[in-house]
$ cat coords37.cif   # mmCIF, C-alpha atoms and all ligand atoms; chains and numbers go by the auth columns
data_run
loop_
_atom_site.group_PDB
_atom_site.id
_atom_site.type_symbol
_atom_site.label_atom_id
_atom_site.label_comp_id
_atom_site.label_asym_id
_atom_site.label_seq_id
_atom_site.Cartn_x
_atom_site.Cartn_y
_atom_site.Cartn_z
_atom_site.B_iso_or_equiv
_atom_site.auth_seq_id
_atom_site.auth_asym_id
ATOM 1 C CA MET A 1 0.000 0.000 0.000 0.00 1 G
ATOM 2 C CA GLY A 2 2.932 2.335 0.626 0.00 2 G
ATOM 3 C CA ILE A 3 3.180 5.369 2.823 0.00 3 G
ATOM 4 C CA GLN A 4 -0.059 6.769 4.283 0.00 4 G
ATOM 5 C CA ILE A 5 -0.693 9.889 6.355 0.00 5 G
ATOM 6 C CA THR A 6 -3.603 10.046 8.803 0.00 6 G
ATOM 7 C CA PRO A 7 -3.824 13.413 10.578 0.00 7 G
ATOM 8 C CA SER A 8 -5.272 13.409 14.077 0.00 8 G
ATOM 9 C CA VAL A 9 -7.910 16.071 14.683 0.00 9 G
ATOM 10 C CA LEU A 10 -7.284 16.013 18.442 0.00 10 G
ATOM 11 C CA ASN A 11 -5.551 19.386 18.337 0.00 11 G
ATOM 12 C CA ALA A 12 -7.792 20.867 15.668 0.00 12 G
ATOM 13 C CA ASP A 13 -10.733 23.189 16.465 0.00 13 G
ATOM 14 C CA LEU A 14 -13.216 20.573 17.647 0.00 14 G
ATOM 15 C CA SER A 15 -16.127 22.985 17.423 0.00 15 G
ATOM 16 C CA ARG A 16 -15.592 22.996 13.633 0.00 16 G
ATOM 17 C CA LEU A 17 -14.650 19.383 13.054 0.00 17 G
ATOM 18 C CA ALA A 18 -15.961 19.004 9.505 0.00 18 G
ATOM 19 C CA ASP A 19 -14.335 22.299 8.421 0.00 19 G
ATOM 20 C CA GLU A 20 -11.024 21.207 9.910 0.00 20 G
ATOM 21 C CA VAL A 21 -11.160 17.903 8.050 0.00 21 G
ATOM 22 C CA ALA A 22 -11.893 19.808 4.833 0.00 22 G
ATOM 23 C CA ARG A 23 -8.480 21.519 5.268 0.00 23 G
ATOM 24 C CA ILE A 24 -6.581 18.236 4.767 0.00 24 G
ATOM 25 C CA PRO A 25 -7.894 16.787 1.474 0.00 25 G
ATOM 26 C CA SER A 26 -4.555 15.122 0.621 0.00 26 G
ATOM 27 C CA SER A 27 -4.785 12.847 3.655 0.00 27 G
ATOM 28 C CA ASP A 28 -5.218 9.110 3.219 0.00 28 G
ATOM 29 C CA TRP A 29 -7.329 8.850 6.390 0.00 29 G
ATOM 30 C CA VAL A 30 -8.549 11.029 9.245 0.00 30 G
ATOM 31 C CA HIS A 31 -7.473 9.762 12.676 0.00 31 G
ATOM 32 C CA ILE A 32 -10.112 10.186 15.379 0.00 32 G
ATOM 33 C CA ASP A 33 -8.960 9.829 18.994 0.00 33 G
ATOM 34 C CA VAL A 34 -11.722 8.497 21.230 0.00 34 G
ATOM 35 C CA MET A 35 -10.847 8.848 24.937 0.00 35 G
ATOM 36 C CA ASP A 36 -13.016 7.894 27.898 0.00 36 G
ATOM 37 C CA ASN A 37 -11.263 9.442 30.914 0.00 37 G
ATOM 38 C CA HIS A 38 -10.605 5.905 32.242 0.00 38 G
ATOM 39 C CA PHE A 39 -8.129 4.213 29.925 0.00 39 G
ATOM 40 C CA VAL A 40 -6.441 7.611 29.552 0.00 40 G
ATOM 41 C CA PRO A 41 -6.798 10.765 31.677 0.00 41 G
ATOM 42 C CA ASN A 42 -8.600 12.740 28.982 0.00 42 G
ATOM 43 C CA LEU A 43 -12.036 12.834 27.419 0.00 43 G
ATOM 44 C CA THR A 44 -12.706 13.632 23.776 0.00 44 G
ATOM 45 C CA LEU A 45 -15.671 12.441 21.751 0.00 45 G
ATOM 46 C CA GLY A 46 -17.774 9.362 21.246 0.00 46 G
ATOM 47 C CA LEU A 47 -20.051 7.616 18.831 0.00 47 G
ATOM 48 C CA PRO A 48 -22.582 10.410 18.093 0.00 48 G
ATOM 49 C CA VAL A 49 -19.860 12.862 17.031 0.00 49 G
ATOM 50 C CA PHE A 50 -18.054 10.116 15.133 0.00 50 G
ATOM 51 C CA GLU A 51 -21.220 9.204 13.224 0.00 51 G
ATOM 52 C CA SER A 52 -21.831 12.836 12.301 0.00 52 G
ATOM 53 C CA LEU A 53 -18.295 13.256 11.027 0.00 53 G
ATOM 54 C CA ALA A 54 -18.545 10.053 8.975 0.00 54 G
ATOM 55 C CA ARG A 55 -21.500 11.641 7.165 0.00 55 G
ATOM 56 C CA ALA A 56 -19.679 14.947 6.694 0.00 56 G
ATOM 57 C CA THR A 57 -16.507 13.750 4.948 0.00 57 G
ATOM 58 C CA ASP A 58 -15.527 11.448 2.092 0.00 58 G
ATOM 59 C CA LEU A 59 -12.166 10.665 3.700 0.00 59 G
ATOM 60 C CA PRO A 60 -12.050 7.279 5.442 0.00 60 G
ATOM 61 C CA LEU A 61 -12.041 7.430 9.236 0.00 61 G
ATOM 62 C CA ASP A 62 -9.355 5.739 11.327 0.00 62 G
ATOM 63 C CA ALA A 63 -10.816 5.339 14.832 0.00 63 G
ATOM 64 C CA HIS A 64 -8.271 5.081 17.666 0.00 64 G
ATOM 65 C CA LEU A 65 -10.136 3.911 20.754 0.00 65 G
ATOM 66 C CA MET A 66 -8.329 4.789 23.983 0.00 66 G
ATOM 67 C CA ILE A 67 -11.138 3.354 26.090 0.00 67 G
ATOM 68 C CA GLU A 68 -11.848 0.635 28.598 0.00 68 G
ATOM 69 C CA ASP A 69 -13.916 -2.301 27.404 0.00 69 G
ATOM 70 C CA PRO A 70 -13.276 -2.012 23.650 0.00 70 G
ATOM 71 C CA ASP A 71 -14.768 -5.512 23.329 0.00 71 G
ATOM 72 C CA ARG A 72 -18.107 -3.882 24.003 0.00 72 G
ATOM 73 C CA TRP A 73 -17.727 -0.551 22.181 0.00 73 G
ATOM 74 C CA ALA A 74 -15.393 -1.019 19.194 0.00 74 G
ATOM 75 C CA PRO A 75 -17.833 -2.873 16.904 0.00 75 G
ATOM 76 C CA ALA A 76 -20.190 0.129 17.002 0.00 76 G
ATOM 77 C CA TYR A 77 -17.473 2.265 15.388 0.00 77 G
ATOM 78 C CA ALA A 78 -17.243 -0.252 12.539 0.00 78 G
ATOM 79 C CA GLU A 79 -21.011 -0.033 12.162 0.00 79 G
ATOM 80 C CA ALA A 80 -20.793 3.773 12.208 0.00 80 G
ATOM 81 C CA GLY A 81 -18.622 3.625 9.096 0.00 81 G
ATOM 82 C CA ALA A 82 -15.032 3.537 10.364 0.00 82 G
ATOM 83 C CA GLY A 83 -12.699 2.167 7.708 0.00 83 G
ATOM 84 C CA SER A 84 -10.303 1.093 10.432 0.00 84 G
ATOM 85 C CA VAL A 85 -10.868 0.522 14.141 0.00 85 G
ATOM 86 C CA THR A 86 -7.960 0.370 16.596 0.00 86 G
ATOM 87 C CA PHE A 87 -8.389 -1.032 20.105 0.00 87 G
ATOM 88 C CA HIS A 88 -5.720 -1.149 22.805 0.00 88 G
ATOM 89 C CA VAL A 89 -4.409 -4.591 23.681 0.00 89 G
ATOM 90 C CA GLU A 90 -3.976 -3.422 27.287 0.00 90 G
ATOM 91 C CA ALA A 91 -7.755 -2.910 27.492 0.00 91 G
ATOM 92 C CA ALA A 92 -9.153 -5.716 25.336 0.00 92 G
ATOM 93 C CA LYS A 93 -10.345 -8.855 27.079 0.00 93 G
ATOM 94 C CA ALA A 94 -10.411 -10.982 23.934 0.00 94 G
ATOM 95 C CA PRO A 95 -8.331 -9.305 21.202 0.00 95 G
ATOM 96 C CA VAL A 96 -8.622 -12.155 18.701 0.00 96 G
ATOM 97 C CA ARG A 97 -12.380 -12.343 19.008 0.00 97 G
ATOM 98 C CA LEU A 98 -12.634 -8.558 18.767 0.00 98 G
ATOM 99 C CA ALA A 99 -10.398 -8.362 15.667 0.00 99 G
ATOM 100 C CA ARG A 100 -12.543 -11.008 13.971 0.00 100 G
ATOM 101 C CA GLU A 101 -15.707 -9.148 14.868 0.00 101 G
ATOM 102 C CA LEU A 102 -14.365 -5.882 13.433 0.00 102 G
ATOM 103 C CA ARG A 103 -13.400 -7.597 10.184 0.00 103 G
ATOM 104 C CA ALA A 104 -16.788 -9.280 9.990 0.00 104 G
ATOM 105 C CA LYS A 105 -18.382 -5.838 10.225 0.00 105 G
ATOM 106 C CA GLY A 106 -16.295 -4.668 7.270 0.00 106 G
ATOM 107 C CA ALA A 107 -13.645 -2.583 9.060 0.00 107 G
ATOM 108 C CA ARG A 108 -9.909 -3.073 9.120 0.00 108 G
ATOM 109 C CA ALA A 109 -8.937 -4.486 12.518 0.00 109 G
ATOM 110 C CA SER A 110 -6.075 -2.805 14.323 0.00 110 G
ATOM 111 C CA MET A 111 -4.427 -3.349 17.697 0.00 111 G
ATOM 112 C CA ALA A 112 -2.514 -0.648 19.598 0.00 112 G
ATOM 113 C CA LEU A 113 0.350 -0.999 22.058 0.00 113 G
ATOM 114 C CA LYS A 114 1.419 1.636 24.576 0.00 114 G
ATOM 115 C CA PRO A 115 5.159 2.440 24.654 0.00 115 G
ATOM 116 C CA ALA A 116 5.952 -0.047 27.444 0.00 116 G
ATOM 117 C CA THR A 117 3.964 -2.964 25.982 0.00 117 G
ATOM 118 C CA GLY A 118 6.119 -5.526 24.164 0.00 118 G
ATOM 119 C CA ILE A 119 5.231 -6.946 20.729 0.00 119 G
ATOM 120 C CA ASP A 120 6.832 -10.386 20.886 0.00 120 G
ATOM 121 C CA GLN A 121 4.082 -11.931 22.978 0.00 121 G
ATOM 122 C CA TYR A 122 1.592 -10.952 20.268 0.00 122 G
ATOM 123 C CA ALA A 123 3.522 -12.387 17.299 0.00 123 G
ATOM 124 C CA ASP A 124 0.966 -15.145 16.802 0.00 124 G
ATOM 125 C CA VAL A 125 -1.925 -12.673 16.715 0.00 125 G
ATOM 126 C CA LEU A 126 -0.552 -10.555 13.849 0.00 126 G
ATOM 127 C CA GLY A 127 -2.336 -12.692 11.250 0.00 127 G
ATOM 128 C CA GLU A 128 -5.664 -11.624 12.761 0.00 128 G
ATOM 129 C CA LEU A 129 -4.882 -7.943 12.211 0.00 129 G
ATOM 130 C CA ASP A 130 -4.831 -5.449 9.360 0.00 130 G
ATOM 131 C CA MET A 131 -2.715 -2.941 11.277 0.00 131 G
ATOM 132 C CA VAL A 132 -0.630 -2.607 14.428 0.00 132 G
ATOM 133 C CA LEU A 133 -0.462 0.826 16.064 0.00 133 G
ATOM 134 C CA LEU A 134 2.667 1.512 18.090 0.00 134 G
ATOM 135 C CA MET A 135 2.232 4.523 20.370 0.00 135 G
ATOM 136 C CA THR A 136 5.301 6.753 20.307 0.00 136 G
ATOM 137 C CA VAL A 137 4.025 8.796 23.299 0.00 137 G
ATOM 138 C CA GLU A 138 1.941 7.739 26.290 0.00 138 G
ATOM 139 C CA PRO A 139 -1.629 7.988 24.985 0.00 139 G
ATOM 140 C CA GLY A 140 -3.895 10.767 26.192 0.00 140 G
ATOM 141 C CA PHE A 141 -2.729 14.074 24.766 0.00 141 G
ATOM 142 C CA GLY A 142 -1.488 15.659 21.565 0.00 142 G
ATOM 143 C CA GLY A 143 1.670 17.704 21.365 0.00 143 G
ATOM 144 C CA GLN A 144 3.924 15.394 23.394 0.00 144 G
ATOM 145 C CA LYS A 145 7.537 14.621 22.629 0.00 145 G
ATOM 146 C CA PHE A 146 8.295 11.596 20.433 0.00 146 G
ATOM 147 C CA LEU A 147 9.745 8.659 22.402 0.00 147 G
ATOM 148 C CA ASP A 148 12.825 7.327 20.632 0.00 148 G
ATOM 149 C CA LEU A 149 12.754 4.276 22.895 0.00 149 G
ATOM 150 C CA VAL A 150 9.952 2.858 20.721 0.00 150 G
ATOM 151 C CA LEU A 151 12.156 2.694 17.586 0.00 151 G
ATOM 152 C CA PRO A 152 13.540 -0.810 18.307 0.00 152 G
ATOM 153 C CA LYS A 153 9.954 -2.074 18.746 0.00 153 G
ATOM 154 C CA ILE A 154 8.988 -0.579 15.373 0.00 154 G
ATOM 155 C CA ARG A 155 11.907 -2.457 13.817 0.00 155 G
ATOM 156 C CA ARG A 156 11.010 -5.685 15.647 0.00 156 G
ATOM 157 C CA THR A 157 7.340 -5.460 14.642 0.00 157 G
ATOM 158 C CA ARG A 158 8.266 -4.976 11.000 0.00 158 G
ATOM 159 C CA GLU A 159 10.547 -8.038 11.245 0.00 159 G
ATOM 160 C CA LEU A 160 7.760 -10.173 12.733 0.00 160 G
ATOM 161 C CA ILE A 161 5.302 -9.044 10.037 0.00 161 G
ATOM 162 C CA SER A 162 7.760 -9.762 7.234 0.00 162 G
ATOM 163 C CA ALA A 163 8.873 -13.102 8.701 0.00 163 G
ATOM 164 C CA ALA A 164 5.255 -14.244 8.792 0.00 164 G
ATOM 165 C CA GLY A 165 4.696 -13.085 5.198 0.00 165 G
ATOM 166 C CA LEU A 166 1.860 -10.800 6.272 0.00 166 G
ATOM 167 C CA GLU A 167 0.673 -7.488 4.856 0.00 167 G
ATOM 168 C CA VAL A 168 -0.130 -5.850 8.161 0.00 168 G
ATOM 169 C CA TRP A 169 0.227 -2.066 8.152 0.00 169 G
ATOM 170 C CA LEU A 170 2.405 -0.549 10.874 0.00 170 G
ATOM 171 C CA GLN A 171 1.150 2.755 12.271 0.00 171 G
ATOM 172 C CA VAL A 172 2.966 5.132 14.583 0.00 172 G
ATOM 173 C CA ASP A 173 1.168 7.761 16.670 0.00 173 G
ATOM 174 C CA GLY A 174 2.560 10.500 18.892 0.00 174 G
ATOM 175 C CA GLY A 175 5.106 13.225 18.271 0.00 175 G
ATOM 176 C CA VAL A 176 5.316 12.449 14.553 0.00 176 G
ATOM 177 C CA SER A 177 6.627 15.540 12.742 0.00 177 G
ATOM 178 C CA PRO A 178 9.069 16.523 9.998 0.00 178 G
ATOM 179 C CA GLU A 179 11.800 16.026 12.623 0.00 179 G
ATOM 180 C CA THR A 180 10.848 12.445 13.577 0.00 180 G
ATOM 181 C CA ILE A 181 8.979 10.856 10.662 0.00 181 G
ATOM 182 C CA GLU A 182 12.070 9.693 8.779 0.00 182 G
ATOM 183 C CA ARG A 183 13.279 7.733 11.820 0.00 183 G
ATOM 184 C CA CYS A 184 9.916 5.969 12.026 0.00 184 G
ATOM 185 C CA ALA A 185 9.839 5.182 8.314 0.00 185 G
ATOM 186 C CA GLU A 186 13.396 3.908 8.367 0.00 186 G
ATOM 187 C CA ALA A 187 12.463 1.586 11.253 0.00 187 G
ATOM 188 C CA GLY A 188 9.576 0.138 9.222 0.00 188 G
ATOM 189 C CA ALA A 189 6.440 2.197 9.906 0.00 189 G
ATOM 190 C CA ASP A 190 4.208 2.883 6.905 0.00 190 G
ATOM 191 C CA VAL A 191 1.142 4.665 8.348 0.00 191 G
ATOM 192 C CA PHE A 192 1.764 7.936 10.178 0.00 192 G
ATOM 193 C CA VAL A 193 -0.534 9.790 12.546 0.00 193 G
ATOM 194 C CA ALA A 194 0.331 13.463 12.975 0.00 194 G
ATOM 195 C CA GLY A 195 -1.771 15.815 15.065 0.00 195 G
ATOM 196 C CA SER A 196 -0.113 19.009 16.169 0.00 196 G
ATOM 197 C CA ALA A 197 2.406 18.936 13.301 0.00 197 G
ATOM 198 C CA VAL A 198 -0.452 19.137 10.793 0.00 198 G
ATOM 199 C CA PHE A 199 -2.931 21.393 12.591 0.00 199 G
ATOM 200 C CA SER A 200 -0.410 23.898 13.890 0.00 200 G
ATOM 201 C CA ALA A 201 0.963 24.351 10.366 0.00 201 G
ATOM 202 C CA ASP A 202 -0.103 27.454 8.412 0.00 202 G
ATOM 203 C CA ASP A 203 -1.082 25.147 5.560 0.00 203 G
ATOM 204 C CA PRO A 204 -2.143 21.782 7.006 0.00 204 G
ATOM 205 C CA ASP A 205 -2.554 20.112 3.629 0.00 205 G
ATOM 206 C CA ALA A 206 0.948 21.156 2.541 0.00 206 G
ATOM 207 C CA MET A 207 2.236 19.614 5.785 0.00 207 G
ATOM 208 C CA VAL A 208 0.470 16.334 4.969 0.00 208 G
ATOM 209 C CA GLN A 209 2.242 16.307 1.617 0.00 209 G
ATOM 210 C CA GLN A 210 5.584 17.213 3.162 0.00 210 G
ATOM 211 C CA LEU A 211 5.291 14.410 5.732 0.00 211 G
ATOM 212 C CA ARG A 212 4.419 11.896 3.008 0.00 212 G
ATOM 213 C CA LYS A 213 7.473 12.948 1.005 0.00 213 G
ATOM 214 C CA LEU A 214 9.809 12.726 3.997 0.00 214 G
ATOM 215 C CA ALA A 215 8.493 9.273 4.932 0.00 215 G
ATOM 216 C CA ALA A 216 8.930 8.034 1.374 0.00 216 G
ATOM 217 C CA GLY A 217 12.605 9.047 1.655 0.00 217 G
HETATM 218 C C1 LIG B . -2.485 10.759 21.647 0.00 301 G
HETATM 219 C C2 LIG B . -3.281 10.486 20.399 0.00 301 G
HETATM 220 C C3 LIG B . -2.634 10.997 19.177 0.00 301 G
HETATM 221 C C4 LIG B . -2.395 12.495 19.186 0.00 301 G
HETATM 222 C C5 LIG B . -1.200 12.761 18.367 0.00 301 G
HETATM 223 O O1 LIG B . -2.861 9.938 22.668 0.00 301 G
HETATM 224 O O2 LIG B . -3.485 9.091 20.215 0.00 301 G
HETATM 225 O O3 LIG B . -3.326 10.599 18.004 0.00 301 G
HETATM 226 O O4 LIG B . -3.455 13.242 18.683 0.00 301 G
HETATM 227 O O5 LIG B . -0.890 14.101 18.460 0.00 301 G
HETATM 228 P P1 LIG B . 0.587 14.631 18.163 0.00 301 G
HETATM 229 O O6 LIG B . 0.869 14.296 16.717 0.00 301 G
HETATM 230 O O7 LIG B . 0.502 16.074 18.433 0.00 301 G
HETATM 231 O O8 LIG B . 1.516 13.880 19.077 0.00 301 G
HETATM 232 ZN ZN ZN B . -4.264 8.488 18.225 0.00 302 G
#

$ encode --input "coords37.cif" --output "structure tokens"
Amino acid sequence: MGIQITPSVLNADLSRLADEVARIPSSDWVHIDVMDNHFVPNLTLGLPVFESLARATDLPLDAHLMIEDPDRWAPAYAEAGAGSVTFHVEAAKAPVRLARELRAKGARASMALKPATGIDQYADVLGELDMVLLMTVEPGFGGQKFLDLVLPKIRRTRELISAAGLEVWLQVDGGVSPETIERCAEAGADVFVAGSAVFSADDPDAMVQQLRKLAAG
């Protein structure tokens, strides 16, 4: 599939969500951060806002669920029209069953790992997934500093995917910017979330294009 850029609207003007999304037409996806104030210490938006946005844009939505009990809630995001639904492995009770349910509902199934969660114990699950999301900050807030300590895990995940002959996408999220994206791409990431880098730029769409170019090397 190649390099893909999925801007996070977390740091955009949330009172004008559809207008903000209209500023980034070159994006491959729009990344929507759903937070419940339990899994992470922040609260953003839920299903009703997500459903409205799905109707308001032609870009595919990439739902990142930073919530407790994704087994219960994630399938509803697939039903609401998410092209991809990411749940956190630290929160899921039955990740394999959940991934299968998401796929059955027509969404891409994706599993996220916080910075301190190792990938090796999940090697056998990769075949159930369409994407792995490696957090490069502790989840909860935009605008944090990229954690270089995740780079070896990006490399290791890419190795595991290749060794198994799979076509799982590898997404990175947190602190991705023109300064850090090349490191991520070089380590094997191919899908890049960028929040503050895109929405604090004077021309967000130009930033999307610049990030894509840098990642492509
Ligand atoms: C953080 C969210 C990210 C966040 C990224 O928990 O999952 O998607 O919006 O924002 P930046 O790119 O500013 O780190
Ligand atoms: Zn995110």

$ residues_around --input "coords37.cif" --residues "region 69-85 of chain G" --least-positions-apart "5" --cutoff "6 Å" --atoms "all atoms listed in the file" --output "ChimeraX atom specification"
/G:51,60-63,92,98,102,107-110

$ closest_residue --input "coords37.cif" --among "G:Leu149, G:Ala18, G:Leu214, G:Leu43" --to "Glu182 (chain G)" --atoms "all atoms listed in the file"
G:Leu214

$ residues_around --input "coords37.cif" --residues "Arg100 (chain G)" --least-positions-apart "4" --cutoff "8 Å" --atoms "all atoms listed in the file" --output "list in words"
Val96, Ala104, Ala109 and Glu128 of chain G

$ residues_around --input "coords37.cif" --residues "Ala116 (chain G)" --least-positions-apart "5" --cutoff "10 Å" --atoms "all atoms listed in the file" --output "ChimeraX atom specification"
/G:135-138,149-150,153

$ closest_residue --input "coords37.cif" --among "G:Leu53, G:Leu160, G:Leu17, G:Val34" --to "ligand LIG 301 (chain G)" --atoms "all atoms listed in the file"
G:Val34

$ residues_near_ligand --input "coords37.cif" --ligand "ligand LIG 301 (chain G)" --cutoff "6 Å" --atoms "only C-alpha atoms and all ligand atoms" --output "PyMOL selection string"
chain G and resi 8+10+33+139-144+173-176+194-197

$ closest_residue --input "coords37.cif" --among "G:Val193, G:Val21, G:Ile3, G:Ala91" --to "Val40 (chain G)" --atoms "only C-alpha atoms"
G:Ala91

$ residues_around --input "coords37.cif" --residues "Val208 (chain G)" --least-positions-apart "6" --cutoff "10 Å" --atoms "all atoms listed in the file" --output "MDAnalysis selection string"
chainID G and resid 4:7 24:28 177:178 192 194 197:199 201

$ closest_residue --input "coords37.cif" --among "G:Ala12, G:Val132, G:Ile161, G:Met1" --to "Ser200 (chain G)" --atoms "only C-alpha atoms"
G:Ala12

$ build_atoms --input "coords37.cif" --residues "region 23-46 of chain G" --atoms "N, CA and C atoms" --output "short mmCIF file (atom, residue, chain, number, x, y, z; two decimals), in the frame of the given file"
data_model
loop_
_atom_site.label_atom_id
_atom_site.label_comp_id
_atom_site.auth_asym_id
_atom_site.auth_seq_id
_atom_site.Cartn_x
_atom_site.Cartn_y
_atom_site.Cartn_z
N ARG G 23 -9.77 20.85 5.51
CA ARG G 23 -8.48 21.52 5.27
C ARG G 23 -7.36 20.53 4.92
N ILE G 24 -7.64 19.23 5.00
CA ILE G 24 -6.58 18.24 4.77
C ILE G 24 -6.98 17.21 3.70
N PRO G 25 -7.38 17.71 2.51
CA PRO G 25 -7.89 16.79 1.47
C PRO G 25 -6.87 15.78 0.97
N SER G 26 -5.58 16.07 1.11
CA SER G 26 -4.56 15.12 0.62
C SER G 26 -4.34 13.94 1.55
N SER G 27 -5.00 13.92 2.69
CA SER G 27 -4.78 12.85 3.66
C SER G 27 -5.33 11.52 3.13
N ASP G 28 -4.72 10.44 3.58
CA ASP G 28 -5.22 9.11 3.22
C ASP G 28 -6.38 8.71 4.13
N TRP G 29 -6.33 9.16 5.38
CA TRP G 29 -7.33 8.85 6.39
C TRP G 29 -7.45 10.06 7.31
N VAL G 30 -8.49 10.08 8.13
CA VAL G 30 -8.55 11.03 9.24
C VAL G 30 -8.56 10.20 10.53
N HIS G 31 -7.64 10.52 11.44
CA HIS G 31 -7.47 9.76 12.68
C HIS G 31 -8.30 10.42 13.78
N ILE G 32 -9.22 9.65 14.35
CA ILE G 32 -10.11 10.19 15.38
C ILE G 32 -9.78 9.52 16.72
N ASP G 33 -9.36 10.33 17.68
CA ASP G 33 -8.96 9.83 18.99
C ASP G 33 -10.14 9.84 19.95
N VAL G 34 -10.60 8.64 20.30
CA VAL G 34 -11.72 8.50 21.23
C VAL G 34 -11.15 8.16 22.61
N MET G 35 -11.39 9.03 23.59
CA MET G 35 -10.85 8.85 24.94
C MET G 35 -11.99 8.91 25.95
N ASP G 36 -11.88 8.07 26.99
CA ASP G 36 -13.02 7.89 27.90
C ASP G 36 -12.77 8.36 29.33
N ASN G 37 -11.62 8.99 29.56
CA ASN G 37 -11.26 9.44 30.91
C ASN G 37 -11.00 8.29 31.89
N HIS G 38 -10.92 7.07 31.40
CA HIS G 38 -10.60 5.90 32.24
C HIS G 38 -9.33 5.22 31.75
N PHE G 39 -9.35 4.83 30.48
CA PHE G 39 -8.13 4.21 29.92
C PHE G 39 -7.01 5.24 29.84
N VAL G 40 -7.39 6.49 29.57
CA VAL G 40 -6.44 7.61 29.55
C VAL G 40 -7.07 8.77 30.33
N PRO G 41 -6.24 9.66 30.86
CA PRO G 41 -6.80 10.76 31.68
C PRO G 41 -7.26 11.95 30.83
N ASN G 42 -8.09 11.67 29.84
CA ASN G 42 -8.60 12.74 28.98
C ASN G 42 -9.88 12.23 28.33
N LEU G 43 -10.73 13.17 27.97
CA LEU G 43 -12.04 12.83 27.42
C LEU G 43 -12.21 13.61 26.12
N THR G 44 -12.59 12.90 25.04
CA THR G 44 -12.71 13.63 23.78
C THR G 44 -14.12 13.53 23.23
N LEU G 45 -14.36 12.54 22.40
CA LEU G 45 -15.67 12.44 21.75
C LEU G 45 -16.03 10.97 21.64
N GLY G 46 -17.30 10.74 21.35
CA GLY G 46 -17.77 9.36 21.25
C GLY G 46 -18.57 9.13 19.98
#
